[in-house]
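K.L.:
This is the structure I want to talk about, given as C-alpha cells.
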Amino acid sequence: MNVFVCVKQVPDTETKIVPTGDGSFIETSSIKWIMNPYDEFAVEQALLVKQSNPAANVTVVRVGSVKDTEALRTAMAMGADDAILVEAADNLDSYSIAKALKGAIEKSGKKPDLILAGKQAIDDDALQVPQVLAEMLNLPSVSVIVGFELAGTAVKVKREVEGGALEVYELAAPCVLACNKGLNTPRYASLPGIMKAKKKPMTQLSLGDVGVSEADRRVKYSQFRLPPEKPAGKKFDATDAAKQREVVSQVVGLLRTEAKVI
Amino acid sequence: MANVLVFTEVHDGKVKPVTLEILGKLAGQSADVAVVGDLGADQVAELAKNGAQNVHKLKGANLDKYSPEGYANALAEFIKSKNYDYVFGGATSMGKDLLPRLATKFNAGLASDVVNFVFEGGNFAGTRPLFAGKCLAKVEITGPKPHFVSIRPNALGMTASPTGGAGAAADVNANAGEIRAAIKDIIKAASTKVDLTEANIIVTGGRAMKNAENFKILNEMADVIGATVGASRAAVDSGFAPHAMQVGQTGKTVAPSLYIACGVSGAIQHLAGMRTSKVIVAINTDPDAPIFTKADYGIVGDLFTIVPIMTEEFKKLLGK
C-alpha cells in the first residue's frame with residue numbers, strides 16, 4: 001500500500017510578516033520555517049495507517065525552496081519512509097503546486113492508494129491543492145476531514161462543515177483526503193527518529209522534471225502590503241468593583257451610539 | 001463588461017447572504033446565478049433585486065445532496081454550454097471544496113478567499129489576505145477562461161441600493177456523472193448558531209476562561225445579542241472548546257461587525273484571524289495584553305464579573 005502525504009513548509013505562526021520593498025512577496029531571510037500545522041495531521045494519519053498495515057510505504061512530498069528541508073525531515077523523523085522534494089519558489093500558486101505534486105507522485109513509480117494533505121497551508125491560505133490534485137489525478141476527494149476509518153480499500157471519513165456539523169462520506173481508495181485539526185494527535189519526533197531520518201532517502205527534482213513551467217501559473221500575487229492599522233481605541237479601567245457597572249454600561253452604550261453595531 | 005456566473009448555495013431554502021454581497025459588487029457587469037436544485041420564487045426575486053439577469057436551476061438525478069464530484073460535473077457541463085468570463089462563489093465550506101475541483105475541469109485558475117475586487121478594463125483584480133491576514137496582496141488570474149473567484153462571506157458587505165436584474169428563472173437538465181465520494185449521513189452540530197465565518201457578532205473566550213464549564217457565561221451573553229461563541233487556540237488546546245470554535249491562523253478567520261474577546265491575550269496568530277472585525281471589544285485583567293492594541297473598546301477587569309454585567313446591560317439596551 002502506498003500512502004503519499006503532501007506537506008508544505010510555512011513560516012511559523014508567531015512570525016511577523018514583512019512585505020519586501022517592491023511588494024513582490026514577503027521577506028523570507030529571517031523566517032523560522034515549520035511544517036504547515038495542518039500537514040502534521042496528514043502525516044500522523046499516514047503513520048497510523050502504516051501501523052495497521054506494516055507493508056505500507058509512506059512518502060512525503062513537498063514543492064518549495066531547498067534552503068531548508070525542515071518539513072520533510074520532520075515528517076521522516078515522525079516515521080515516514082522516504083521523501084520527494086520538488087525545488088520551486090515559495091510563492092508558487094496552487095495550480096502549479098498541484099501539478100508538480102501529481103508529476104512527483106507519478107515519477108515515483110508507486111501507484112498511490114491514499115494521498116493525504118493538510119486542509120490548507122497557513123501561508124497563502126488558498127485551500128485548493130488537495131482538491132485540484134484530486135481532479136488532476138481523476139480521484140475522489142474529501143476535504144476538511146476530522147474522522148478517518150480504513151477497512152481494506154473502503155474509506156469512511158467525517159467532513160466538518162459550517163457550525164460544526166459533520167458529513168459522513170464513504171468512498172474507496174485511491175482517494176485524496178485533506179486533514180483538519182481534531183483528526184488525531186500528531187506524535188513528536190523521537191531522538192532516534194530524528195537520527196534515522198537523516199539516512200532516509202530524499203529524492204530531489206526540478207519543476208521541469210515534473211512537467212511544470214511558468215505557463216502553468218494561474219494566479220499572480222503582487223502589491224504585498226501590511227493591512228491598515230486601526231487607530232488606538234478607548235481603554236477603560238474596571239478593576240475597581242465599585243466602578244464596574246458604570247464602565248460596562250458606558251461601553252455597551254457606545255457600541256450602540258458610537259460604533260452602531262448593536 | 002464581463003459575463004459572470006455566480007454559484008449560490010441554498011441553506012434552509014434561502015440563498016447564502018454572500019451571494020447577494022457578490023451580486024451587489026458585480027454592478028456594471030452582466031451577472032447570472034446558478035443553483036443546484038430548486039429555488040423558491042421569493043429567493044429568485046431577492047436575486048433579481050440584487051442584479052441577477054438569469055437564474056439557472058440545475059436539476060437532475062443524484063443532485064439532491066452535495067457531492068464534490070456531482071456538483072462539479074453538473075456545473076462544468078452547464079458552464080461549457082455558456083460563455084462566461086468569470087465564475088464566482090462564496091468561500092464557504094462547500095465553495096472551498098467545490099470551486100478548486102470545478103476550476104480544474106477547465107484547467108483554469110481560482111483566486112480564493114477574496115475580500116474585495118474591481119474590474120480593470122474587463123479584468124478581475126482582487127485583494128486577499130495572506131498569512132491569515134498578517135498581510136494583503138493584489139490577486140489576478142491568468143490562463144484559460146472562465147476564471148474562478150471565491151469570496152469570503154461578510155467581507156464585501158451588502159450593497160445598500162443594488163441595481164436590479166431581470167431575474168429570469170429556468171430549469172436546466174444537469175448530469176451528476178460518476179460520484180465516488182458521497183455523503184452517507186450528516187451528524188448535526190449541537191449548536192444551531194450561525195457559523196463563526198458567517199456570524200455578525202462573535203464572543204470569544206481565551207485561556208482565562210479556565211475550563212469548558214465557564215463558557216456558559218459567554219453562551220448566555222451570546223444568546224442575548226445573537227452571537228456565535230468562539231475560542232482562542234490556547235482555550236482549544238487546553239480542551240475548553242472544540243477546534244470548530246477556534247479563531248485564528250490555525251482556526252477560522254472571521255470578520256464580524258462586533259467581536260468581543262473575553263480573557264484572550266491576543267497572540268499574533270489570534271489577532272491575524274480576527275483583526276478585520278469591524279468593532280473589537282476586549283476584556284482582560286492584564287492592561288498590557290496585546291489584544292488591547294487591536295481593541296476599539298478595551299475593558300481592564302475580570303471577565304468573570306464583567307461578562308455577566310455586560311449581559312445584563314445588553315438585555316436592558318435590547319429590551320429583553
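Simple scheme: letters A, B, ... for chains in C-alpha cells order, numbers from 1 for residues in each chain, numbers from 1 for ligands in the order shown.
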Tell me which protein, DNA and RNA residues are within 9 Å of B:Thr104, counting only C-alpha atoms, leaving out same-chain ones fewer than 2 positions away, and put them as a list in words.

P.N.:
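Neighbouring residues, sequence-local ones excluded: Tyr95, Gln131, Val132, Leu133, Glu135 and Met136 of chain A; Leu99, Pro100, Arg101, Leu102, Phe106, Asn107, Ala108, Gly109 and Leu110 of chain B.
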
K.L.:
Need the shell around A:Leu116: protein/DNA/RNA residues with any atom at most 7 Å away, counting only C-alpha atoms. Skip same-chain ones fewer than 5 positions apart. Format as a VMD selection string?

P.N.:
chain A and resid 4 to 6 42 176 to 178

K.L.:
Restricting the output to N, CA and C atoms, write the selected residues as a PDB file, in the first residue's frame.

P.N.:
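File result.pdb, as written:
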ATOM      1  N   PHE A   4       0.838   8.609   0.144  1.00  0.00           N
ATOM      2  CA  PHE A   4       1.583   9.843  -0.107  1.00  0.00           C
ATOM      3  C   PHE A   4       1.032  10.941   0.792  1.00  0.00           C
ATOM      4  N   VAL A   5       1.932  11.716   1.380  1.00  0.00           N
ATOM      5  CA  VAL A   5       1.499  12.852   2.184  1.00  0.00           C
ATOM      6  C   VAL A   5       2.116  14.110   1.585  1.00  0.00           C
ATOM      7  N   CYS A   6       1.269  15.061   1.220  1.00  0.00           N
ATOM      8  CA  CYS A   6       1.748  16.320   0.655  1.00  0.00           C
ATOM      9  C   CYS A   6       1.956  17.296   1.806  1.00  0.00           C
ATOM     10  N   ALA A  42      -2.018  15.111   8.643  1.00  0.00           N
ATOM     11  CA  ALA A  42      -1.944  14.215   7.490  1.00  0.00           C
ATOM     12  C   ALA A  42      -0.813  13.209   7.667  1.00  0.00           C
ATOM     13  N   VAL A 176      -8.065  11.209  -2.360  1.00  0.00           N
ATOM     14  CA  VAL A 176      -7.306  12.315  -1.763  1.00  0.00           C
ATOM     15  C   VAL A 176      -8.098  12.844  -0.567  1.00  0.00           C
ATOM     16  N   LEU A 177      -7.437  12.986   0.567  1.00  0.00           N
ATOM     17  CA  LEU A 177      -8.115  13.458   1.762  1.00  0.00           C
ATOM     18  C   LEU A 177      -7.359  14.645   2.356  1.00  0.00           C
ATOM     19  N   ALA A 178      -8.085  15.713   2.665  1.00  0.00           N
ATOM     20  CA  ALA A 178      -7.482  16.909   3.239  1.00  0.00           C
ATOM     21  C   ALA A 178      -7.836  16.972   4.726  1.00  0.00           C
TER      22      ALA A 178
END

K.L.:
Determine which residues of stretch 80-222 of chain A receive a DSSP assignment of helix (DSSP H, G or I), computed from the backbone, and state them as a ChimeraX atom specification.

P.N.:
/A:94-107,129-136,162-164,191-197,208-210,214-216

K.L.:
Enter the distance from atom CA of B:Asp302 to atom CA of B:Ala190, in Å, rounded to one decimal.

P.N.:
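The value is 28.9 Å.
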
K.L.:
Could you list, as a PDB file with C-alpha atoms, in the first residue's frame, every residue of chain A that has an atom within 7 Å of an atom of chain B, counting only C-alpha atoms?

P.N.:
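The resulting file, iface30.pdb, is shown below:
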ATOM      1  CA  THR A  13       2.641  31.089  13.282  1.00  0.00           C
ATOM      2  CA  GLU A  14       4.462  33.570  15.539  1.00  0.00           C
ATOM      3  CA  ILE A  17       5.266  39.127   8.211  1.00  0.00           C
ATOM      4  CA  ILE A 122      -1.276  28.751   6.556  1.00  0.00           C
ATOM      5  CA  ASP A 123       0.833  30.894   4.204  1.00  0.00           C
ATOM      6  CA  ASP A 124      -1.392  31.596   1.184  1.00  0.00           C
ATOM      7  CA  ASP A 125      -4.494  30.024   2.807  1.00  0.00           C
ATOM      8  CA  ALA A 126      -5.806  29.115  -0.642  1.00  0.00           C
ATOM      9  CA  LEU A 127      -7.451  25.774   0.314  1.00  0.00           C
ATOM     10  CA  GLN A 128      -7.079  24.447  -3.188  1.00  0.00           C
ATOM     11  CA  GLN A 131      -8.980  19.229  -4.490  1.00  0.00           C
ATOM     12  CA  VAL A 132      -7.065  20.377  -7.587  1.00  0.00           C
ATOM     13  CA  GLU A 135      -9.232  16.427 -10.083  1.00  0.00           C
ATOM     14  CA  PRO A 140     -12.415  11.285  -5.453  1.00  0.00           C
ATOM     15  CA  SER A 141     -11.609  13.609  -2.577  1.00  0.00           C
ATOM     16  CA  SER A 143     -11.674  17.966   2.373  1.00  0.00           C
ATOM     17  CA  VAL A 161     -18.850  21.912   7.708  1.00  0.00           C
ATOM     18  CA  GLU A 162     -20.308  25.204   8.977  1.00  0.00           C
ATOM     19  CA  GLY A 163     -21.382  25.311  12.589  1.00  0.00           C
ATOM     20  CA  GLY A 164     -19.524  22.102  13.483  1.00  0.00           C
ATOM     21  CA  ALA A 165     -21.912  19.699  11.684  1.00  0.00           C
ATOM     22  CA  LEU A 166     -20.280  16.595  10.196  1.00  0.00           C
ATOM     23  CA  GLU A 167     -20.895  14.965   6.816  1.00  0.00           C
ATOM     24  CA  VAL A 168     -20.041  11.278   6.742  1.00  0.00           C
ATOM     25  CA  TYR A 169     -18.578  10.149   3.399  1.00  0.00           C
ATOM     26  CA  GLU A 170     -17.940   6.621   2.197  1.00  0.00           C
ATOM     27  CA  LEU A 171     -15.572   6.112  -0.694  1.00  0.00           C
ATOM     28  CA  LYS A 181      -7.098  19.615  13.353  1.00  0.00           C
ATOM     29  CA  GLY A 182      -9.009  17.191  15.539  1.00  0.00           C
ATOM     30  CA  ARG A 218      -2.886  30.605 -12.893  1.00  0.00           C
ATOM     31  CA  VAL A 219      -2.856  33.079 -10.030  1.00  0.00           C
ATOM     32  CA  LYS A 220      -0.500  36.048  -9.703  1.00  0.00           C
ATOM     33  CA  TYR A 221       0.107  37.950  -6.495  1.00  0.00           C
ATOM     34  CA  SER A 222       1.585  41.439  -6.279  1.00  0.00           C
ATOM     35  CA  GLN A 223       1.485  44.517  -4.042  1.00  0.00           C
ATOM     36  CA  PHE A 224       2.104  42.616  -0.799  1.00  0.00           C
ATOM     37  CA  ARG A 225       1.434  45.090   1.981  1.00  0.00           C
ATOM     38  CA  LEU A 226       0.559  45.242   5.644  1.00  0.00           C
ATOM     39  CA  PRO A 227      -3.122  45.735   6.464  1.00  0.00           C
ATOM     40  CA  LYS A 230      -6.532  50.770  13.296  1.00  0.00           C
ATOM     41  CA  ALA A 232      -5.902  53.334  19.031  1.00  0.00           C
ATOM     42  CA  GLY A 233      -9.172  52.539  20.745  1.00  0.00           C
ATOM     43  CA  LYS A 234     -10.564  53.569  24.104  1.00  0.00           C
ATOM     44  CA  LYS A 235      -9.475  51.758  27.226  1.00  0.00           C
ATOM     45  CA  PHE A 236     -11.471  51.671  30.452  1.00  0.00           C
ATOM     46  CA  ASP A 237     -10.335  50.600  33.896  1.00  0.00           C
ATOM     47  CA  ALA A 238     -12.847  48.281  35.551  1.00  0.00           C
ATOM     48  CA  THR A 239     -10.554  46.746  38.133  1.00  0.00           C
ATOM     49  CA  GLN A 244     -17.605  48.038  37.027  1.00  0.00           C
ATOM     50  CA  ARG A 245     -21.242  48.560  36.239  1.00  0.00           C
ATOM     51  CA  VAL A 248     -19.650  48.343  31.303  1.00  0.00           C
ATOM     52  CA  SER A 249     -22.836  50.381  30.885  1.00  0.00           C
ATOM     53  CA  VAL A 252     -22.409  48.973  25.910  1.00  0.00           C
ATOM     54  CA  VAL A 261     -23.121  47.669  15.914  1.00  0.00           C
TER      55      VAL A 261
END

K.L.:
Please identify the strand (DSSP E) residues within stretch 91-186 of chain A (assignment by DSSP from backbone atoms) and present them as an NGL selection string.

P.N.:
:A and (114-118 or 141-151 or 154-160 or 166-172 or 175-179)

K.L.:
Those residues with N, CA and C atoms, as an mmCIF file, in the first residue's frame please?

P.N.:
data_model
loop_
_atom_site.group_PDB
_atom_site.id
_atom_site.type_symbol
_atom_site.label_atom_id
_atom_site.label_comp_id
_atom_site.auth_asym_id
_atom_site.auth_seq_id
_atom_site.Cartn_x
_atom_site.Cartn_y
_atom_site.Cartn_z
ATOM 1 N N LEU A 114 -3.501 6.083 -1.108
ATOM 2 C CA LEU A 114 -4.059 7.186 -0.321
ATOM 3 C C LEU A 114 -3.150 8.395 -0.510
ATOM 4 N N ILE A 115 -3.765 9.556 -0.728
ATOM 5 C CA ILE A 115 -2.993 10.789 -0.753
ATOM 6 C C ILE A 115 -3.584 11.694 0.320
ATOM 7 N N LEU A 116 -2.757 12.061 1.277
ATOM 8 C CA LEU A 116 -3.225 12.884 2.390
ATOM 9 C C LEU A 116 -2.521 14.238 2.346
ATOM 10 N N ALA A 117 -3.223 15.268 2.794
ATOM 11 C CA ALA A 117 -2.645 16.607 2.861
ATOM 12 C C ALA A 117 -3.339 17.359 3.972
ATOM 13 N N GLY A 118 -2.764 18.461 4.391
ATOM 14 C CA GLY A 118 -3.451 19.352 5.327
ATOM 15 C C GLY A 118 -4.580 20.050 4.579
ATOM 16 N N SER A 141 -12.272 12.938 -3.698
ATOM 17 C CA SER A 141 -11.609 13.609 -2.577
ATOM 18 C C SER A 141 -12.640 14.057 -1.552
ATOM 19 N N VAL A 142 -12.176 14.191 -0.335
ATOM 20 C CA VAL A 142 -12.985 14.818 0.709
ATOM 21 C C VAL A 142 -12.052 15.774 1.450
ATOM 22 N N SER A 143 -12.527 16.990 1.684
ATOM 23 C CA SER A 143 -11.674 17.966 2.373
ATOM 24 C C SER A 143 -12.180 18.239 3.781
ATOM 25 N N VAL A 144 -11.287 18.768 4.599
ATOM 26 C CA VAL A 144 -11.577 19.140 5.991
ATOM 27 C C VAL A 144 -12.081 17.936 6.793
ATOM 28 N N ILE A 145 -11.290 16.839 6.760
ATOM 29 C CA ILE A 145 -11.755 15.653 7.475
ATOM 30 C C ILE A 145 -11.280 15.662 8.924
ATOM 31 N N VAL A 146 -12.185 15.209 9.816
ATOM 32 C CA VAL A 146 -11.870 15.130 11.240
ATOM 33 C C VAL A 146 -12.080 13.709 11.768
ATOM 34 N N GLY A 147 -12.413 12.791 10.863
ATOM 35 C CA GLY A 147 -12.560 11.395 11.259
ATOM 36 C C GLY A 147 -12.144 10.519 10.097
ATOM 37 N N PHE A 148 -11.493 9.387 10.381
ATOM 38 C CA PHE A 148 -10.971 8.538 9.308
ATOM 39 C C PHE A 148 -11.008 7.083 9.732
ATOM 40 N N GLU A 149 -11.601 6.239 8.875
ATOM 41 C CA GLU A 149 -11.548 4.790 9.105
ATOM 42 C C GLU A 149 -11.199 4.136 7.787
ATOM 43 N N LEU A 150 -10.351 3.101 7.847
ATOM 44 C CA LEU A 150 -9.947 2.386 6.634
ATOM 45 C C LEU A 150 -10.143 0.895 6.875
ATOM 46 N N ALA A 151 -10.882 0.231 5.983
ATOM 47 C CA ALA A 151 -11.035 -1.222 6.058
ATOM 48 C C ALA A 151 -10.818 -1.766 4.652
ATOM 49 N N ALA A 154 -11.941 0.320 1.645
ATOM 50 C CA ALA A 154 -13.109 1.142 1.998
ATOM 51 C C ALA A 154 -12.699 2.235 2.975
ATOM 52 N N VAL A 155 -13.018 3.464 2.602
ATOM 53 C CA VAL A 155 -12.643 4.624 3.410
ATOM 54 C C VAL A 155 -13.921 5.284 3.916
ATOM 55 N N LYS A 156 -13.943 5.593 5.206
ATOM 56 C CA LYS A 156 -15.078 6.321 5.773
ATOM 57 C C LYS A 156 -14.500 7.532 6.492
ATOM 58 N N VAL A 157 -14.938 8.711 6.088
ATOM 59 C CA VAL A 157 -14.390 9.920 6.704
ATOM 60 C C VAL A 157 -15.501 10.865 7.138
ATOM 61 N N LYS A 158 -15.165 11.709 8.095
ATOM 62 C CA LYS A 158 -16.104 12.741 8.535
ATOM 63 C C LYS A 158 -15.551 14.084 8.108
ATOM 64 N N ARG A 159 -16.408 14.861 7.450
ATOM 65 C CA ARG A 159 -16.004 16.180 6.980
ATOM 66 C C ARG A 159 -16.712 17.242 7.806
ATOM 67 N N GLU A 160 -15.944 18.214 8.285
ATOM 68 C CA GLU A 160 -16.527 19.262 9.117
ATOM 69 C C GLU A 160 -17.045 20.397 8.239
ATOM 70 N N LEU A 166 -21.190 17.519 10.872
ATOM 71 C CA LEU A 166 -20.280 16.595 10.196
ATOM 72 C C LEU A 166 -21.017 15.857 9.084
ATOM 73 N N GLU A 167 -20.382 15.786 7.914
ATOM 74 C CA GLU A 167 -20.895 14.965 6.816
ATOM 75 C C GLU A 167 -20.076 13.681 6.795
ATOM 76 N N VAL A 168 -20.750 12.556 6.774
ATOM 77 C CA VAL A 168 -20.041 11.278 6.742
ATOM 78 C C VAL A 168 -19.973 10.799 5.291
ATOM 79 N N TYR A 169 -18.783 10.602 4.777
ATOM 80 C CA TYR A 169 -18.578 10.149 3.399
ATOM 81 C C TYR A 169 -18.048 8.720 3.391
ATOM 82 N N GLU A 170 -18.521 7.946 2.432
ATOM 83 C CA GLU A 170 -17.940 6.621 2.197
ATOM 84 C C GLU A 170 -17.413 6.607 0.775
ATOM 85 N N LEU A 171 -16.184 6.182 0.628
ATOM 86 C CA LEU A 171 -15.572 6.112 -0.694
ATOM 87 C C LEU A 171 -14.520 5.012 -0.680
ATOM 88 N N ALA A 172 -13.885 4.814 -1.827
ATOM 89 C CA ALA A 172 -12.896 3.751 -1.903
ATOM 90 C C ALA A 172 -11.542 4.339 -2.275
ATOM 91 N N CYS A 175 -7.839 7.667 -3.115
ATOM 92 C CA CYS A 175 -8.546 8.938 -2.955
ATOM 93 C C CYS A 175 -7.620 9.974 -2.319
ATOM 94 N N VAL A 176 -8.065 11.209 -2.360
ATOM 95 C CA VAL A 176 -7.306 12.315 -1.763
ATOM 96 C C VAL A 176 -8.098 12.844 -0.567
ATOM 97 N N LEU A 177 -7.437 12.986 0.567
ATOM 98 C CA LEU A 177 -8.115 13.458 1.762
ATOM 99 C C LEU A 177 -7.359 14.645 2.356
ATOM 100 N N ALA A 178 -8.085 15.713 2.665
ATOM 101 C CA ALA A 178 -7.482 16.909 3.239
ATOM 102 C C ALA A 178 -7.836 16.972 4.726
ATOM 103 N N CYS A 179 -6.818 16.979 5.574
ATOM 104 C CA CYS A 179 -6.996 16.746 7.007
ATOM 105 C C CYS A 179 -7.088 18.027 7.823
#

K.L.:
For stretch 76-87 of chain B, list every protein, DNA or RNA residue within 8 Å, evaluated using only C-alpha atoms, and leave out those in the same chain fewer than 2 positions away; present the list as a ChimeraX atom specification.

P.N.:
/B:2-7,72-74,89,102,105,145-149,174-175

K.L.:
Those residues you just picked out, can you put them in a file as an mmCIF file, in the first residue's frame with N, CA and C atoms?

P.N.:
data_model
loop_
_atom_site.group_PDB
_atom_site.id
_atom_site.type_symbol
_atom_site.label_atom_id
_atom_site.label_comp_id
_atom_site.auth_asym_id
_atom_site.auth_seq_id
_atom_site.Cartn_x
_atom_site.Cartn_y
_atom_site.Cartn_z
ATOM 1 N N ALA B 2 -17.986 42.238 -18.223
ATOM 2 C CA ALA B 2 -17.690 40.797 -18.130
ATOM 3 C C ALA B 2 -18.988 40.001 -17.929
ATOM 4 N N ASN B 3 -19.006 38.814 -18.519
ATOM 5 C CA ASN B 3 -20.106 37.876 -18.299
ATOM 6 C C ASN B 3 -19.782 37.008 -17.099
ATOM 7 N N VAL B 4 -20.596 37.112 -16.064
ATOM 8 C CA VAL B 4 -20.254 36.441 -14.813
ATOM 9 C C VAL B 4 -21.371 35.482 -14.388
ATOM 10 N N LEU B 5 -20.955 34.320 -13.929
ATOM 11 C CA LEU B 5 -21.904 33.396 -13.302
ATOM 12 C C LEU B 5 -21.593 33.347 -11.812
ATOM 13 N N VAL B 6 -22.624 33.489 -10.995
ATOM 14 C CA VAL B 6 -22.443 33.374 -9.548
ATOM 15 C C VAL B 6 -23.102 32.071 -9.104
ATOM 16 N N PHE B 7 -22.279 31.179 -8.544
ATOM 17 C CA PHE B 7 -22.849 29.940 -7.999
ATOM 18 C C PHE B 7 -23.357 30.245 -6.600
ATOM 19 N N ALA B 72 -19.585 19.376 -9.258
ATOM 20 C CA ALA B 72 -18.571 19.873 -10.206
ATOM 21 C C ALA B 72 -18.917 19.425 -11.626
ATOM 22 N N ASN B 73 -19.341 18.159 -11.784
ATOM 23 C CA ASN B 73 -19.694 17.660 -13.115
ATOM 24 C C ASN B 73 -20.879 18.438 -13.691
ATOM 25 N N ALA B 74 -21.918 18.599 -12.873
ATOM 26 C CA ALA B 74 -23.132 19.270 -13.344
ATOM 27 C C ALA B 74 -22.849 20.720 -13.728
ATOM 28 N N GLY B 89 -18.183 32.406 -6.459
ATOM 29 C CA GLY B 89 -18.915 31.667 -5.440
ATOM 30 C C GLY B 89 -18.446 32.119 -4.067
ATOM 31 N N LEU B 102 -13.885 22.319 -9.636
ATOM 32 C CA LEU B 102 -14.600 22.818 -10.807
ATOM 33 C C LEU B 102 -13.649 23.593 -11.724
ATOM 34 N N LYS B 105 -11.419 21.510 -13.865
ATOM 35 C CA LYS B 105 -12.064 20.901 -15.039
ATOM 36 C C LYS B 105 -11.863 21.771 -16.279
ATOM 37 N N LYS B 145 -9.985 30.710 -19.720
ATOM 38 C CA LYS B 145 -11.232 31.162 -19.093
ATOM 39 C C LYS B 145 -12.229 30.016 -19.096
ATOM 40 N N PRO B 146 -13.253 30.065 -18.279
ATOM 41 C CA PRO B 146 -13.534 31.140 -17.330
ATOM 42 C C PRO B 146 -12.555 31.152 -16.145
ATOM 43 N N HIS B 147 -12.421 32.319 -15.547
ATOM 44 C CA HIS B 147 -11.634 32.427 -14.332
ATOM 45 C C HIS B 147 -12.571 32.306 -13.132
ATOM 46 N N PHE B 148 -12.054 31.718 -12.066
ATOM 47 C CA PHE B 148 -12.889 31.430 -10.895
ATOM 48 C C PHE B 148 -12.451 32.282 -9.705
ATOM 49 N N VAL B 149 -13.445 32.708 -8.918
ATOM 50 C CA VAL B 149 -13.171 33.554 -7.752
ATOM 51 C C VAL B 149 -14.054 33.083 -6.599
ATOM 52 N N ALA B 174 -29.404 18.679 -15.730
ATOM 53 C CA ALA B 174 -27.996 18.551 -15.353
ATOM 54 C C ALA B 174 -27.640 17.092 -15.094
ATOM 55 N N ASN B 175 -26.363 16.766 -15.329
ATOM 56 C CA ASN B 175 -25.873 15.409 -15.098
ATOM 57 C C ASN B 175 -24.804 15.387 -14.014
#

K.L.:
Of the residues B:Met1, B:Ala48, B:Val247, B:Val55, which is the one nearest to B:Ser30, using only C-alpha atoms?

P.N.:
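That would be B:Met1, the residue with the smallest distance to B:Ser30.
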
K.L.:
Which value, in Å to one decimal, gives the distance between atom CA of A:Asp93 and atom CA of B:Lys252?

P.N.:
21.8 Å

K.L.:
Which neighbours of A:Pro201 fall inside 9 Å, counting only C-alpha atoms, when residues of the same chain fewer than 4 positions from it are skipped, and could you give them as number ranges by chain?

P.N.:
A: 81-84, 197
